[in-house]
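Structure file protein.cif (mmCIF, C-alpha atoms) is printed below.
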data_structure
#
loop_
_atom_site.label_atom_id
_atom_site.label_comp_id
_atom_site.auth_asym_id
_atom_site.auth_seq_id
_atom_site.Cartn_x
_atom_site.Cartn_y
_atom_site.Cartn_z
CA MET A 1 -16.92 -6.90 -2.68
CA SER A 2 -13.14 -6.95 -2.39
CA TYR A 3 -11.07 -5.49 -5.20
CA LEU A 4 -9.28 -8.79 -5.84
CA PRO A 5 -10.69 -12.24 -4.99
CA GLU A 6 -10.57 -13.15 -1.33
CA ASP A 7 -9.01 -16.55 -2.05
CA LEU A 8 -5.74 -15.00 -3.26
CA ALA A 9 -2.76 -15.51 -1.01
CA THR A 10 -2.25 -12.69 1.47
CA PRO A 11 1.00 -11.56 3.08
CA ILE A 12 2.17 -13.28 6.24
CA PRO A 13 3.16 -10.83 8.99
CA THR A 14 6.73 -11.19 10.23
CA LEU A 15 8.70 -9.78 13.14
CA ASP A 16 9.84 -6.89 10.92
CA ASN A 17 6.40 -5.89 9.62
CA GLN A 18 3.97 -6.94 12.39
CA GLU A 19 3.53 -3.33 13.58
CA TRP A 20 2.62 -2.30 10.02
CA TRP A 21 -0.15 -4.92 9.87
CA ASP A 22 -1.35 -4.06 13.39
CA ALA A 23 -1.68 -0.40 12.33
CA CYS A 24 -3.56 -1.45 9.19
CA ARG A 25 -6.02 -3.43 11.34
CA ARG A 26 -6.67 -0.16 13.22
CA ARG A 27 -7.10 1.55 9.80
CA GLU A 28 -3.97 3.61 10.36
CA LEU A 29 -1.43 4.02 7.58
CA CYS A 30 1.93 4.16 9.37
CA PHE A 31 5.52 4.12 8.17
CA GLN A 32 8.82 3.57 9.92
CA ARG A 33 10.88 6.68 10.56
CA CYS A 34 14.56 6.33 11.43
CA THR A 35 15.28 8.19 14.67
CA GLY A 36 18.87 8.71 13.51
CA CYS A 37 18.55 10.35 10.10
CA GLY A 38 14.78 10.92 9.93
CA ASP A 39 14.18 9.00 6.68
CA LEU A 40 10.84 7.27 6.21
CA ARG A 41 10.90 3.75 4.82
CA HIS A 42 8.57 1.14 3.44
CA PRO A 43 8.39 -1.79 3.45
CA PRO A 44 9.32 -2.06 7.14
CA SER A 45 12.83 -3.31 7.83
CA PRO A 46 15.00 -3.86 10.90
CA ALA A 47 17.60 -1.22 9.92
CA CYS A 48 17.63 2.07 8.07
CA PRO A 49 18.99 1.62 4.53
CA ARG A 50 20.50 5.13 4.66
CA CYS A 51 22.33 5.30 8.01
CA HIS A 52 22.05 1.63 9.11
CA ARG A 53 20.65 2.43 12.56
CA PHE A 54 18.21 0.02 14.14
CA GLU A 55 16.17 2.56 16.13
CA CYS A 56 12.95 3.73 14.56
CA GLU A 57 9.51 5.05 15.39
CA TRP A 58 6.22 4.73 13.56
CA ARG A 59 4.74 7.81 11.92
CA ARG A 60 1.09 8.00 10.94
CA SER A 61 0.10 9.21 7.49
CA ALA A 62 -3.17 10.90 6.56
CA GLY A 63 -3.32 8.50 3.59
CA ARG A 64 -3.61 11.09 0.82
CA GLY A 65 -1.33 11.18 -2.18
CA GLN A 66 -0.95 10.74 -5.92
CA VAL A 67 -0.53 7.98 -8.46
CA TYR A 68 3.18 7.66 -9.24
CA SER A 69 2.92 4.79 -11.73
CA PHE A 70 0.50 2.02 -12.69
CA THR A 71 -0.26 -0.85 -15.01
CA TRP A 72 -3.45 -2.65 -15.99
CA VAL A 73 -3.31 -6.44 -15.85
CA HIS A 74 -5.35 -8.06 -18.64
CA HIS A 75 -4.04 -11.62 -18.54
CA VAL A 76 -5.72 -14.16 -16.22
CA TYR A 77 -2.83 -15.63 -14.23
CA LEU A 78 -5.05 -17.47 -11.76
CA PRO A 79 -8.54 -18.91 -12.34
CA SER A 80 -10.01 -16.81 -9.50
CA LEU A 81 -8.98 -13.63 -11.37
CA LYS A 82 -11.01 -14.35 -14.51
CA ASP A 83 -13.88 -12.08 -13.41
CA ARG A 84 -11.57 -9.29 -12.22
CA VAL A 85 -9.49 -8.46 -15.29
CA PRO A 86 -8.55 -5.86 -16.08
CA TYR A 87 -7.29 -4.77 -12.66
CA ASN A 88 -4.67 -2.20 -11.84
CA VAL A 89 -1.46 -2.45 -9.87
CA THR A 90 -0.49 1.05 -8.82
CA ILE A 91 2.36 2.81 -7.03
CA VAL A 92 1.20 5.67 -4.82
CA THR A 93 3.27 8.41 -3.20
CA LEU A 94 1.94 9.97 -0.01
CA ASP A 95 1.76 13.74 0.61
CA ASP A 96 3.10 13.42 4.16
CA ALA A 97 5.55 10.53 3.66
CA PRO A 98 8.35 11.75 1.38
CA GLY A 99 10.31 8.97 -0.24
CA VAL A 100 7.70 6.28 0.44
CA ARG A 101 6.12 4.49 -2.51
CA LEU A 102 3.33 2.07 -1.76
CA ILE A 103 2.25 -0.72 -4.15
CA THR A 104 -1.54 -1.00 -4.10
CA ASN A 105 -4.68 -0.86 -6.23
CA ILE A 106 -7.03 2.02 -7.04
CA VAL A 107 -10.46 0.51 -6.43
CA ASP A 108 -12.86 2.94 -8.11
CA VAL A 109 -11.28 3.92 -11.39
CA THR A 110 -11.66 2.91 -15.03
CA PRO A 111 -8.65 2.32 -17.28
CA ALA A 112 -9.27 5.64 -19.07
CA ALA A 113 -9.45 7.60 -15.80
CA LEU A 114 -6.32 6.25 -14.11
CA THR A 115 -3.49 8.71 -14.76
CA ILE A 116 -0.15 9.59 -13.24
CA GLY A 117 -0.67 12.39 -10.74
CA LEU A 118 -4.28 11.40 -9.96
CA ALA A 119 -5.16 12.40 -6.38
CA VAL A 120 -6.02 9.39 -4.20
CA GLU A 121 -6.83 8.53 -0.59
CA VAL A 122 -6.59 5.33 1.39
CA ALA A 123 -9.59 2.95 1.39
CA TRP A 124 -9.34 0.04 3.82
CA GLU A 125 -10.26 -3.47 2.70
CA PRO A 126 -10.59 -6.32 5.23
CA THR A 127 -9.25 -9.59 3.80
CA GLY A 128 -9.14 -12.60 6.10
CA ASP A 129 -7.06 -11.71 9.16
CA LEU A 130 -5.57 -8.62 7.49
CA VAL A 131 -6.79 -5.19 6.50
CA LEU A 132 -5.22 -4.02 3.24
CA PRO A 133 -4.63 -0.40 2.27
CA ARG A 134 -6.22 0.08 -1.12
CA PHE A 135 -6.83 3.55 -2.56
CA ARG A 136 -9.71 5.42 -4.22
CA THR A 137 -9.86 8.68 -6.10
CA ALA A 138 -9.86 11.73 -3.83
#
When written as structure tokens, how does the structure in this file appear?
Amino acid sequence: MSYLPEDLATPIPTLDNQEWWDACRRRELCFQRCTGCGDLRHPPSPACPRCHRFECEWRRSAGRGQVYSFTWVHHVYLPSLKDRVPYNVTIVTLDDAPGVRLITNIVDVTPAALTIGLAVEVAWEPTGDLVLPRFRTA
């Protein structure tokens, strides 16, 4: 079972983020790294926000990190979510991707167990044509 209902809208890959989604389909968590200043960035963008260069490479992450912040959603905003509340929306930092914060969900945790600093690891979830990086406790 998927963490959130499969009928929810999913992101549409664009020219700027197609490589991100291709890596996710391969179950690889990758982030852009500016070849000028070395900064990692997410979400993918055509230019580095720090030095404004266009050249970048993709760097693979091991997908392990910690919970940086989170919230539990209790209100049913869409009818298809009525059986899923409460669900969490979480920001994760990655051990090997300094400066990157990824918005995701922790799929195997109760409200009482989700805490800032909790160790997590990537858990891939196929959804339609995409594969989404969710996380689980490590």
Residue with smallest distance to A:Arg134 - pool A:Leu78, A:Cys48, A:Val100, A:Cys24, counting all atoms listed in the file: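 Distance minimum relative to A:Arg134 lands on A:Cys24.
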Can you pull out every residue within 7 Å of A:Phe135, counting all atoms listed in the file, but drop anything in the same chain fewer than 4 positions away, and send it as a ChimeraX atom specification? /A:105-107,120-123
Between A:Cys37, A:Trp58, A:Thr10, A:Phe70, which is the closest to A:Ile116 once you count all atoms listed in the file? A:Phe70
Measure the distance from atom CA of A:Tyr87 to atom CA of A:Thr71 in Å and round it to one decimal.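 Atom CA of A:Thr71 lies 8.4 Å from atom CA of A:Tyr87.
Here atom CA of A:Gly38 and atom CA of A:Gly63 stand 19.3 Å from one another.
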Translate the PyMOL selection byres ((chain A and resi 13-19) around 12) into a concrete residue list for this structure, as a PyMOL selection string. chain A and resi 10-12+20-26+28-32+41-47+54+56-60+129-131
Residue with smallest distance to A:Met1 - pool A:Arg84, A:Arg27, A:Thr35, A:Leu40, counting all atoms listed in the file: A:Arg84
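Each of A:Glu55, A:Asp7, A:Asp108, A:Asp96 was compared to A:Cys34 using only C-alpha atoms, and A:Glu55 turns out to be the nearest.
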Expressed in Å to a single decimal, how great is the separation between atom CA of A:Ser80 and atom CA of A:Leu132?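 Atom CA of A:Leu132 lies at a distance of 18.7 Å from atom CA of A:Ser80.
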Considering all atoms listed in the file, can you say which of A:Thr115, A:Ser69, A:Thr110, A:Ser61 comes closest to A:Ala97?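 Counting all atoms listed in the file, the residue closest to A:Ala97 is A:Ser61.
With only C-alpha atoms as the basis for measurement, A:Arg33 is the residue among A:Arg33, A:Trp124, A:Gln66, A:Leu4 that approaches A:Pro49 most closely.
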May I have the centre and edge lengths, in Å to one decimal, of an axis-aligned box around the listed atoms of stretch 20-28 of chain A with 4 Å added to every side, as AutoDock Vina command-line options?
--center_x -2.2 --center_y -0.7 --center_z 11.3 --size_x 17.7 --size_y 16.5 --size_z 12.2
Which residues, written as a ChimeraX atom specification, have at least one atom at most 7 Å from A:Thr104, with only C-alpha atoms counted and residues fewer than 5 positions away on the same chain left out? /A:89-91,134
